[in-house]
$ cat my_file00.cif   # mmCIF, N, CA and C atoms
data_input
loop_
_atom_site.group_PDB
_atom_site.id
_atom_site.type_symbol
_atom_site.label_atom_id
_atom_site.label_comp_id
_atom_site.auth_asym_id
_atom_site.auth_seq_id
_atom_site.Cartn_x
_atom_site.Cartn_y
_atom_site.Cartn_z
ATOM 1 N N MET A 887 -34.700 -5.309 -69.070
ATOM 2 C CA MET A 887 -34.441 -4.162 -68.228
ATOM 3 C C MET A 887 -35.418 -3.061 -68.618
ATOM 4 N N ALA A 888 -36.093 -2.444 -67.665
ATOM 5 C CA ALA A 888 -37.071 -1.392 -67.922
ATOM 6 C C ALA A 888 -36.352 -0.091 -68.229
ATOM 7 N N ASP A 889 -36.938 0.667 -69.173
ATOM 8 C CA ASP A 889 -36.366 1.971 -69.509
ATOM 9 C C ASP A 889 -36.698 2.960 -68.400
ATOM 10 N N ARG A 890 -35.674 3.677 -67.966
ATOM 11 C CA ARG A 890 -35.897 4.721 -66.970
ATOM 12 C C ARG A 890 -36.173 6.022 -67.699
ATOM 13 N N PRO A 891 -37.111 6.840 -67.208
ATOM 14 C CA PRO A 891 -37.336 8.128 -67.854
ATOM 15 C C PRO A 891 -36.106 9.007 -67.684
ATOM 16 N N LEU A 892 -35.809 9.770 -68.725
ATOM 17 C CA LEU A 892 -34.680 10.680 -68.656
ATOM 18 C C LEU A 892 -35.018 11.846 -67.734
ATOM 19 N N PRO A 893 -34.035 12.354 -66.998
ATOM 20 C CA PRO A 893 -34.309 13.494 -66.127
ATOM 21 C C PRO A 893 -34.606 14.736 -66.975
ATOM 22 N N ASP A 894 -35.448 15.611 -66.438
ATOM 23 C CA ASP A 894 -35.780 16.859 -67.109
ATOM 24 C C ASP A 894 -34.529 17.733 -67.143
ATOM 25 N N PRO A 895 -34.031 18.086 -68.330
ATOM 26 C CA PRO A 895 -32.785 18.854 -68.403
ATOM 27 C C PRO A 895 -32.890 20.224 -67.716
ATOM 28 N N LEU A 896 -34.035 20.890 -67.836
ATOM 29 C CA LEU A 896 -34.178 22.192 -67.198
ATOM 30 C C LEU A 896 -34.140 22.065 -65.680
ATOM 31 N N ALA A 897 -34.808 21.047 -65.165
ATOM 32 C CA ALA A 897 -34.801 20.844 -63.720
ATOM 33 C C ALA A 897 -33.401 20.509 -63.234
ATOM 34 N N THR A 898 -32.679 19.714 -64.010
ATOM 35 C CA THR A 898 -31.312 19.342 -63.637
ATOM 36 C C THR A 898 -30.402 20.566 -63.605
ATOM 37 N N ILE A 899 -30.481 21.391 -64.638
ATOM 38 C CA ILE A 899 -29.637 22.596 -64.696
ATOM 39 C C ILE A 899 -30.013 23.562 -63.588
ATOM 40 N N THR A 900 -31.310 23.740 -63.377
ATOM 41 C CA THR A 900 -31.761 24.645 -62.313
ATOM 42 C C THR A 900 -31.263 24.176 -60.952
ATOM 43 N N ALA A 901 -31.358 22.883 -60.715
ATOM 44 C CA ALA A 901 -30.895 22.339 -59.432
ATOM 45 C C ALA A 901 -29.395 22.548 -59.269
ATOM 46 N N ARG A 902 -28.627 22.336 -60.326
ATOM 47 C CA ARG A 902 -27.164 22.530 -60.237
ATOM 48 C C ARG A 902 -26.805 23.991 -59.972
ATOM 49 N N LEU A 903 -27.503 24.898 -60.678
ATOM 50 C CA LEU A 903 -27.236 26.320 -60.451
ATOM 51 C C LEU A 903 -27.633 26.726 -59.037
ATOM 52 N N SER A 904 -28.755 26.234 -58.564
ATOM 53 C CA SER A 904 -29.204 26.550 -57.204
ATOM 54 C C SER A 904 -28.207 26.037 -56.169
ATOM 55 N N ASP A 905 -27.710 24.822 -56.386
ATOM 56 C CA ASP A 905 -26.718 24.258 -55.458
ATOM 57 C C ASP A 905 -25.444 25.094 -55.464
ATOM 58 N N ALA A 906 -25.013 25.520 -56.645
ATOM 59 C CA ALA A 906 -23.791 26.323 -56.734
ATOM 60 C C ALA A 906 -23.979 27.671 -56.055
ATOM 61 N N LEU A 907 -25.137 28.291 -56.263
ATOM 62 C CA LEU A 907 -25.391 29.590 -55.637
ATOM 63 C C LEU A 907 -25.587 29.468 -54.132
ATOM 64 N N ALA A 908 -26.149 28.347 -53.696
ATOM 65 C CA ALA A 908 -26.371 28.152 -52.262
ATOM 66 C C ALA A 908 -25.062 28.168 -51.491
ATOM 67 N N SER A 909 -23.979 27.775 -52.138
ATOM 68 C CA SER A 909 -22.692 27.741 -51.449
ATOM 69 C C SER A 909 -22.076 29.136 -51.301
ATOM 70 N N VAL A 910 -22.549 30.115 -52.076
ATOM 71 C CA VAL A 910 -21.957 31.451 -51.996
ATOM 72 C C VAL A 910 -22.921 32.516 -51.469
ATOM 73 N N LEU A 911 -24.218 32.225 -51.465
ATOM 74 C CA LEU A 911 -25.193 33.198 -50.973
ATOM 75 C C LEU A 911 -25.611 32.825 -49.551
ATOM 76 N N PRO A 912 -26.066 33.807 -48.800
ATOM 77 C CA PRO A 912 -26.423 33.525 -47.396
ATOM 78 C C PRO A 912 -27.587 32.553 -47.287
ATOM 79 N N ALA A 913 -27.496 31.696 -46.290
ATOM 80 C CA ALA A 913 -28.550 30.706 -46.037
ATOM 81 C C ALA A 913 -29.821 31.420 -45.597
ATOM 82 N N GLY A 914 -30.949 30.844 -45.962
ATOM 83 C CA GLY A 914 -32.226 31.401 -45.546
ATOM 84 C C GLY A 914 -32.684 32.578 -46.389
ATOM 85 N N ALA A 915 -31.864 33.019 -47.291
ATOM 86 C CA ALA A 915 -32.269 34.141 -48.146
ATOM 87 C C ALA A 915 -33.359 33.668 -49.099
ATOM 88 N N ASP A 916 -34.176 34.583 -49.543
ATOM 89 C CA ASP A 916 -35.297 34.264 -50.425
ATOM 90 C C ASP A 916 -34.852 34.178 -51.890
ATOM 91 N N TRP A 917 -33.557 34.189 -52.124
ATOM 92 C CA TRP A 917 -33.030 34.228 -53.491
ATOM 93 C C TRP A 917 -33.424 33.004 -54.299
ATOM 94 N N GLN A 918 -33.458 31.848 -53.670
ATOM 95 C CA GLN A 918 -33.720 30.609 -54.417
ATOM 96 C C GLN A 918 -35.140 30.596 -54.993
ATOM 97 N N ARG A 919 -36.111 31.002 -54.194
ATOM 98 C CA ARG A 919 -37.496 31.017 -54.655
ATOM 99 C C ARG A 919 -37.683 32.012 -55.797
ATOM 100 N N ARG A 920 -36.979 33.155 -55.748
ATOM 101 C CA ARG A 920 -37.108 34.166 -56.802
ATOM 102 C C ARG A 920 -36.260 33.830 -58.020
ATOM 103 N N LEU A 921 -35.128 33.184 -57.813
ATOM 104 C CA LEU A 921 -34.205 32.935 -58.918
ATOM 105 C C LEU A 921 -34.603 31.736 -59.774
ATOM 106 N N THR A 922 -35.207 30.721 -59.203
ATOM 107 C CA THR A 922 -35.561 29.511 -59.946
ATOM 108 C C THR A 922 -36.430 29.801 -61.173
ATOM 109 N N PRO A 923 -37.509 30.587 -61.064
ATOM 110 C CA PRO A 923 -38.308 30.861 -62.269
ATOM 111 C C PRO A 923 -37.540 31.660 -63.320
ATOM 112 N N ILE A 924 -36.653 32.534 -62.882
ATOM 113 C CA ILE A 924 -35.853 33.320 -63.834
ATOM 114 C C ILE A 924 -34.909 32.406 -64.599
ATOM 115 N N ILE A 925 -34.263 31.498 -63.893
ATOM 116 C CA ILE A 925 -33.347 30.546 -64.538
ATOM 117 C C ILE A 925 -34.115 29.664 -65.517
ATOM 118 N N GLU A 926 -35.255 29.144 -65.097
ATOM 119 C CA GLU A 926 -36.042 28.275 -65.974
ATOM 120 C C GLU A 926 -36.504 29.011 -67.224
ATOM 121 N N ALA A 927 -36.984 30.242 -67.069
ATOM 122 C CA ALA A 927 -37.444 31.023 -68.223
ATOM 123 C C ALA A 927 -36.290 31.313 -69.186
ATOM 124 N N THR A 928 -35.138 31.635 -68.636
ATOM 125 C CA THR A 928 -33.969 31.908 -69.478
ATOM 126 C C THR A 928 -33.543 30.666 -70.241
ATOM 127 N N LEU A 929 -33.506 29.535 -69.572
ATOM 128 C CA LEU A 929 -33.098 28.300 -70.232
ATOM 129 C C LEU A 929 -34.107 27.874 -71.293
ATOM 130 N N GLU A 930 -35.387 28.093 -71.067
ATOM 131 C CA GLU A 930 -36.395 27.747 -72.077
ATOM 132 C C GLU A 930 -36.230 28.594 -73.325
ATOM 133 N N ARG A 931 -35.868 29.864 -73.163
ATOM 134 C CA ARG A 931 -35.660 30.741 -74.322
ATOM 135 C C ARG A 931 -34.441 30.325 -75.143
ATOM 136 N N LEU A 932 -33.518 29.623 -74.545
ATOM 137 C CA LEU A 932 -32.315 29.189 -75.258
ATOM 138 C C LEU A 932 -32.607 28.094 -76.273
ATOM 139 N N GLU A 933 -33.771 27.467 -76.177
ATOM 140 C CA GLU A 933 -34.161 26.386 -77.082
ATOM 141 C C GLU A 933 -33.082 25.308 -77.159
ATOM 142 N N LEU A 934 -32.668 24.820 -76.014
ATOM 143 C CA LEU A 934 -31.652 23.775 -75.933
ATOM 144 C C LEU A 934 -32.201 22.459 -76.467
ATOM 145 N N VAL A 935 -31.329 21.683 -77.077
ATOM 146 C CA VAL A 935 -31.718 20.368 -77.586
ATOM 147 C C VAL A 935 -30.764 19.329 -77.013
ATOM 148 N N PRO A 936 -31.222 18.092 -76.912
ATOM 149 C CA PRO A 936 -30.319 17.030 -76.439
ATOM 150 C C PRO A 936 -29.153 16.824 -77.407
ATOM 151 N N ARG A 937 -28.037 16.382 -76.890
ATOM 152 C CA ARG A 937 -26.825 16.166 -77.687
ATOM 153 C C ARG A 937 -27.099 15.227 -78.853
ATOM 154 N N GLU A 938 -27.903 14.174 -78.628
ATOM 155 C CA GLU A 938 -28.193 13.201 -79.687
ATOM 156 C C GLU A 938 -28.907 13.869 -80.855
ATOM 157 N N ASP A 939 -29.878 14.740 -80.558
ATOM 158 C CA ASP A 939 -30.583 15.455 -81.631
ATOM 159 C C ASP A 939 -29.635 16.369 -82.390
ATOM 160 N N PHE A 940 -28.765 17.056 -81.652
ATOM 161 C CA PHE A 940 -27.790 17.949 -82.274
ATOM 162 C C PHE A 940 -26.865 17.170 -83.205
ATOM 163 N N GLU A 941 -26.345 16.047 -82.728
ATOM 164 C CA GLU A 941 -25.430 15.242 -83.544
ATOM 165 C C GLU A 941 -26.138 14.689 -84.777
ATOM 166 N N ARG A 942 -27.393 14.273 -84.626
ATOM 167 C CA ARG A 942 -28.167 13.753 -85.755
ATOM 168 C C ARG A 942 -28.354 14.853 -86.817
ATOM 169 N N GLN A 943 -28.684 16.055 -86.375
ATOM 170 C CA GLN A 943 -28.864 17.165 -87.307
ATOM 171 C C GLN A 943 -27.546 17.544 -87.982
ATOM 172 N N ARG A 944 -26.453 17.513 -87.224
ATOM 173 C CA ARG A 944 -25.153 17.848 -87.798
ATOM 174 C C ARG A 944 -24.760 16.833 -88.868
ATOM 175 N N ALA A 945 -24.991 15.553 -88.602
ATOM 176 C CA ALA A 945 -24.679 14.517 -89.589
ATOM 177 C C ALA A 945 -25.517 14.699 -90.848
ATOM 178 N N GLN A 946 -26.790 15.049 -90.667
ATOM 179 C CA GLN A 946 -27.659 15.267 -91.819
ATOM 180 C C GLN A 946 -27.176 16.474 -92.628
ATOM 181 N N LEU A 947 -26.775 17.537 -91.968
ATOM 182 C CA LEU A 947 -26.255 18.701 -92.676
ATOM 183 C C LEU A 947 -24.970 18.386 -93.425
ATOM 184 N N GLU A 948 -24.109 17.565 -92.837
ATOM 185 C CA GLU A 948 -22.880 17.164 -93.517
ATOM 186 C C GLU A 948 -23.198 16.360 -94.775
ATOM 187 N N ARG A 949 -24.181 15.442 -94.687
ATOM 188 C CA ARG A 949 -24.588 14.671 -95.867
ATOM 189 C C ARG A 949 -25.165 15.589 -96.932
ATOM 190 N N LEU A 950 -25.989 16.545 -96.521
ATOM 191 C CA LEU A 950 -26.582 17.474 -97.479
ATOM 192 C C LEU A 950 -25.522 18.355 -98.128
ATOM 193 N N ALA A 951 -24.545 18.792 -97.361
ATOM 194 C CA ALA A 951 -23.462 19.601 -97.922
ATOM 195 C C ALA A 951 -22.677 18.800 -98.954
ATOM 196 N N ALA A 952 -22.437 17.527 -98.688
ATOM 197 C CA ALA A 952 -21.736 16.670 -99.653
ATOM 198 C C ALA A 952 -22.586 16.492 -100.910
ATOM 199 N N ASP A 953 -23.905 16.323 -100.745
ATOM 200 C CA ASP A 953 -24.794 16.199 -101.902
ATOM 201 C C ASP A 953 -24.775 17.470 -102.742
ATOM 202 N N VAL A 954 -24.811 18.630 -102.091
ATOM 203 C CA VAL A 954 -24.786 19.900 -102.808
ATOM 204 C C VAL A 954 -23.474 20.044 -103.581
ATOM 205 N N ALA A 955 -22.364 19.700 -102.957
ATOM 206 C CA ALA A 955 -21.066 19.792 -103.637
ATOM 207 C C ALA A 955 -21.033 18.870 -104.856
ATOM 208 N N ARG A 956 -21.573 17.661 -104.700
ATOM 209 C CA ARG A 956 -21.614 16.718 -105.815
ATOM 210 C C ARG A 956 -22.487 17.249 -106.948
ATOM 211 N N LEU A 957 -23.640 17.806 -106.612
ATOM 212 C CA LEU A 957 -24.530 18.356 -107.630
ATOM 213 C C LEU A 957 -23.920 19.585 -108.304
ATOM 214 N N GLU A 958 -23.230 20.422 -107.531
ATOM 215 C CA GLU A 958 -22.575 21.588 -108.123
ATOM 216 C C GLU A 958 -21.509 21.167 -109.123
ATOM 217 N N SER A 959 -20.763 20.123 -108.810
ATOM 218 C CA SER A 959 -19.733 19.664 -109.750
ATOM 219 C C SER A 959 -20.373 19.064 -111.003
ATOM 220 N N ARG A 960 -21.497 18.372 -110.847
ATOM 221 C CA ARG A 960 -22.204 17.833 -112.019
ATOM 222 C C ARG A 960 -22.736 18.960 -112.895
ATOM 223 N N ILE A 961 -23.276 20.000 -112.269
ATOM 224 C CA ILE A 961 -23.779 21.146 -113.031
ATOM 225 C C ILE A 961 -22.641 21.826 -113.767
ATOM 226 N N ALA A 962 -21.511 21.999 -113.089
ATOM 227 C CA ALA A 962 -20.353 22.621 -113.733
ATOM 228 C C ALA A 962 -19.896 21.788 -114.927
ATOM 229 N N ALA A 963 -19.897 20.468 -114.788
ATOM 230 C CA ALA A 963 -19.498 19.602 -115.904
ATOM 231 C C ALA A 963 -20.483 19.732 -117.054
ATOM 232 N N LEU A 964 -21.766 19.812 -116.752
ATOM 233 C CA LEU A 964 -22.769 19.973 -117.809
ATOM 234 C C LEU A 964 -22.648 21.330 -118.486
ATOM 235 N N GLU A 965 -22.328 22.357 -117.724
ATOM 236 C CA GLU A 965 -22.153 23.689 -118.299
ATOM 237 C C GLU A 965 -20.920 23.746 -119.193
ATOM 238 N N ASP A 966 -19.907 22.934 -118.904
ATOM 239 C CA ASP A 966 -18.692 22.899 -119.720
ATOM 240 C C ASP A 966 -18.893 22.114 -121.005
ATOM 241 N N THR A 967 -19.929 21.268 -121.058
ATOM 242 C CA THR A 967 -20.211 20.476 -122.249
ATOM 243 C C THR A 967 -20.810 21.400 -123.302
ATOM 244 N N PRO A 968 -20.258 21.395 -124.544
ATOM 245 C CA PRO A 968 -20.816 22.253 -125.593
ATOM 246 C C PRO A 968 -22.288 21.915 -125.816
ATOM 247 N N GLN A 969 -23.088 22.953 -126.017
ATOM 248 C CA GLN A 969 -24.523 22.779 -126.173
ATOM 249 C C GLN A 969 -24.807 22.003 -127.456
ATOM 250 N N GLY A 970 -25.713 21.069 -127.388
ATOM 251 C CA GLY A 970 -26.103 20.291 -128.559
ATOM 252 C C GLY A 970 -25.294 19.033 -128.759
ATOM 253 N N THR A 971 -24.248 18.810 -127.973
ATOM 254 C CA THR A 971 -23.490 17.571 -128.100
ATOM 255 C C THR A 971 -23.634 16.794 -126.815
ATOM 256 N N PRO A 972 -23.914 15.514 -126.930
ATOM 257 C CA PRO A 972 -23.998 14.710 -125.710
ATOM 258 C C PRO A 972 -22.645 14.642 -125.021
ATOM 259 N N GLU A 973 -22.680 14.488 -123.734
ATOM 260 C CA GLU A 973 -21.441 14.408 -122.969
ATOM 261 C C GLU A 973 -20.622 13.217 -123.436
ATOM 262 N N GLY A 974 -19.340 13.459 -123.642
ATOM 263 C CA GLY A 974 -18.450 12.381 -124.058
ATOM 264 C C GLY A 974 -18.337 12.250 -125.564
ATOM 265 N N THR A 975 -19.160 12.946 -126.350
ATOM 266 C CA THR A 975 -19.058 12.893 -127.806
ATOM 267 C C THR A 975 -18.186 14.055 -128.261
ATOM 268 N N PRO A 976 -17.082 13.791 -128.947
ATOM 269 C CA PRO A 976 -16.230 14.884 -129.400
ATOM 270 C C PRO A 976 -16.979 15.738 -130.425
ATOM 271 N N GLN A 977 -16.706 17.046 -130.378
ATOM 272 C CA GLN A 977 -17.331 17.941 -131.335
ATOM 273 C C GLN A 977 -16.868 17.575 -132.735
ATOM 274 N N GLY A 978 -17.781 17.657 -133.689
ATOM 275 C CA GLY A 978 -17.440 17.365 -135.070
ATOM 276 C C GLY A 978 -17.659 15.911 -135.440
ATOM 277 N N SER A 979 -17.799 15.002 -134.505
ATOM 278 C CA SER A 979 -18.052 13.615 -134.848
ATOM 279 C C SER A 979 -19.552 13.406 -134.946
ATOM 280 N N PRO A 980 -19.993 12.531 -135.795
ATOM 281 C CA PRO A 980 -21.431 12.325 -135.938
ATOM 282 C C PRO A 980 -22.025 11.726 -134.667
ATOM 283 N N GLN A 981 -23.208 12.216 -134.317
ATOM 284 C CA GLN A 981 -23.860 11.723 -133.117
ATOM 285 C C GLN A 981 -24.556 10.411 -133.396
ATOM 286 N N ASP A 982 -25.147 10.267 -134.576
ATOM 287 C CA ASP A 982 -25.838 9.053 -134.945
ATOM 288 C C ASP A 982 -25.355 8.659 -136.336
ATOM 289 N N PRO A 983 -24.616 7.569 -136.479
ATOM 290 C CA PRO A 983 -24.058 7.210 -137.772
ATOM 291 C C PRO A 983 -25.145 6.829 -138.785
ATOM 292 N N HIS A 984 -26.331 6.547 -138.368
ATOM 293 C CA HIS A 984 -27.397 6.138 -139.277
ATOM 294 C C HIS A 984 -28.072 7.304 -139.960
ATOM 295 N N THR A 985 -27.764 8.546 -139.552
ATOM 296 C CA THR A 985 -28.442 9.705 -140.135
ATOM 297 C C THR A 985 -27.743 10.173 -141.398
ATOM 298 N N HIS A 986 -26.578 9.661 -141.737
ATOM 299 C CA HIS A 986 -25.859 10.114 -142.927
ATOM 300 C C HIS A 986 -26.183 9.264 -144.100
#

$ encode --input "my_file00.cif" --output "structure tokens"
Amino acid sequence: MADRPLPDPLATITARLSDALASVLPAGADWQRRLTPIIEATLERLELVPREDFERQRAQLERLAADVARLESRIAALEDTPQGTPEGTPQGSPQDPHTH
């Protein structure tokens, strides 16, 4: 099956807005020719992205937030470890039994 090109989102939105306005504004008015560039310029400034891109970015941010939380907890655990003693070694016990 051949891939069909996706419709231009700005053109689709502009067409929908024009159709909606055509039902409430007088026929034959020059509003459509003047309004279309304004709508397109406004929509371009919004920097809209496709839903798939948005969802992909949101998932990546969620993964990064989980990584940050994990790293923060590791840092907190390291900060709680007394300086000069390896993690898991009780204070006062020899670190290397061969040094005595």

$ residues_around --input "my_file00.cif" --residues "A:Ile899" --least-positions-apart "3" --cutoff "9 Å" --atoms "only C-alpha atoms" --output "list in words"
Asp894, Pro895, Leu896, Arg902, Leu903, Ser904, Ile925, Glu926 and Leu929 of chain A

$ atom_distance --input "my_file00.cif" --atom1 "atom CA of A:Pro936" --atom2 "atom N of A:Thr900"
14.7 Å

$ atom_distance --input "my_file00.cif" --atom1 "atom N of A:Ala908" --atom2 "atom N of A:Pro923"
13.7 Å

$ closest_residue --input "my_file00.cif" --among "A:Glu958, A:Glu938, A:Asp953, A:Asp905" --to "A:Thr922" --atoms "only C-alpha atoms"
A:Asp905

$ atom_distance --input "my_file00.cif" --atom1 "atom N of A:Ala927" --atom2 "atom C of A:Ala901"
13.3 Å

$ select_by_dssp --input "my_file00.cif" --residues "stretch 913-965 of chain A" --states "alpha helix (DSSP H)" --output "PyMOL selection string"
chain A and resi 917-931+937-965

$ decode --input "my_file00.cif" --residues "stretch 914-944 of chain A" --atoms "N, CA and C atoms" --output "CSV table (one decimal), in the first residue's frame"
chain,number,residue,atom,x,y,z
A,914,GLY,N,-20.4,36.3,-0.6
A,914,GLY,CA,-19.9,37.3,-1.5
A,914,GLY,C,-19.0,38.3,-0.8
A,915,ALA,N,-19.0,38.3,0.4
A,915,ALA,CA,-18.1,39.3,1.1
A,915,ALA,C,-16.7,39.0,0.9
A,916,ASP,N,-15.8,40.0,1.0
A,916,ASP,CA,-14.4,39.8,0.7
A,916,ASP,C,-13.7,39.3,2.0
A,917,TRP,N,-14.4,38.9,3.0
A,917,TRP,CA,-13.8,38.5,4.3
A,917,TRP,C,-12.9,37.3,4.1
A,918,GLN,N,-13.2,36.4,3.3
A,918,GLN,CA,-12.4,35.2,3.2
A,918,GLN,C,-11.0,35.4,2.6
A,919,ARG,N,-10.9,36.2,1.6
A,919,ARG,CA,-9.7,36.6,1.0
A,919,ARG,C,-8.8,37.3,2.0
A,920,ARG,N,-9.4,38.2,2.8
A,920,ARG,CA,-8.6,39.0,3.8
A,920,ARG,C,-8.3,38.2,5.0
A,921,LEU,N,-9.2,37.3,5.4
A,921,LEU,CA,-9.0,36.6,6.7
A,921,LEU,C,-8.1,35.4,6.6
A,922,THR,N,-8.0,34.7,5.5
A,922,THR,CA,-7.1,33.5,5.3
A,922,THR,C,-5.7,33.8,5.7
A,923,PRO,N,-5.0,34.9,5.2
A,923,PRO,CA,-3.6,35.1,5.5
A,923,PRO,C,-3.5,35.4,7.0
A,924,ILE,N,-4.5,36.1,7.6
A,924,ILE,CA,-4.4,36.4,9.0
A,924,ILE,C,-4.4,35.1,9.9
A,925,ILE,N,-5.3,34.2,9.5
A,925,ILE,CA,-5.5,32.9,10.2
A,925,ILE,C,-4.2,32.1,10.0
A,926,GLU,N,-3.7,32.1,8.8
A,926,GLU,CA,-2.4,31.3,8.6
A,926,GLU,C,-1.3,31.9,9.4
A,927,ALA,N,-1.1,33.2,9.4
A,927,ALA,CA,0.0,33.8,10.2
A,927,ALA,C,-0.1,33.6,11.7
A,928,THR,N,-1.4,33.7,12.2
A,928,THR,CA,-1.6,33.4,13.6
A,928,THR,C,-1.3,32.0,13.9
A,929,LEU,N,-1.7,31.0,13.1
A,929,LEU,CA,-1.5,29.6,13.4
A,929,LEU,C,0.0,29.3,13.3
A,930,GLU,N,0.8,29.9,12.4
A,930,GLU,CA,2.2,29.7,12.3
A,930,GLU,C,2.9,30.2,13.5
A,931,ARG,N,2.5,31.3,14.1
A,931,ARG,CA,3.1,31.8,15.3
A,931,ARG,C,2.9,30.9,16.5
A,932,LEU,N,1.8,30.1,16.5
A,932,LEU,CA,1.5,29.2,17.6
A,932,LEU,C,2.5,28.1,17.7
A,933,GLU,N,3.3,27.8,16.7
A,933,GLU,CA,4.3,26.8,16.7
A,933,GLU,C,3.7,25.4,17.0
A,934,LEU,N,2.6,25.1,16.4
A,934,LEU,CA,1.9,23.8,16.6
A,934,LEU,C,2.7,22.6,16.2
A,935,VAL,N,2.6,21.5,16.9
A,935,VAL,CA,3.3,20.3,16.5
A,935,VAL,C,2.3,19.2,16.4
A,936,PRO,N,2.6,18.2,15.6
A,936,PRO,CA,1.7,17.0,15.5
A,936,PRO,C,1.6,16.3,16.9
A,937,ARG,N,0.5,15.7,17.1
A,937,ARG,CA,0.2,15.0,18.4
A,937,ARG,C,1.3,13.9,18.6
A,938,GLU,N,1.8,13.2,17.6
A,938,GLU,CA,2.8,12.2,17.8
A,938,GLU,C,4.1,12.8,18.3
A,939,ASP,N,4.5,13.9,17.8
A,939,ASP,CA,5.7,14.6,18.3
A,939,ASP,C,5.5,15.0,19.7
A,940,PHE,N,4.3,15.6,20.0
A,940,PHE,CA,4.1,16.0,21.4
A,940,PHE,C,4.1,14.8,22.4
A,941,GLU,N,3.5,13.7,22.0
A,941,GLU,CA,3.5,12.5,22.9
A,941,GLU,C,4.9,12.0,23.1
A,942,ARG,N,5.7,12.0,22.0
A,942,ARG,CA,7.0,11.5,22.1
A,942,ARG,C,7.9,12.3,23.0
A,943,GLN,N,7.7,13.6,22.9
A,943,GLN,CA,8.4,14.5,23.8
A,943,GLN,C,8.0,14.4,25.3
A,944,ARG,N,6.7,14.2,25.5
A,944,ARG,CA,6.2,14.0,26.8
A,944,ARG,C,6.7,12.7,27.4
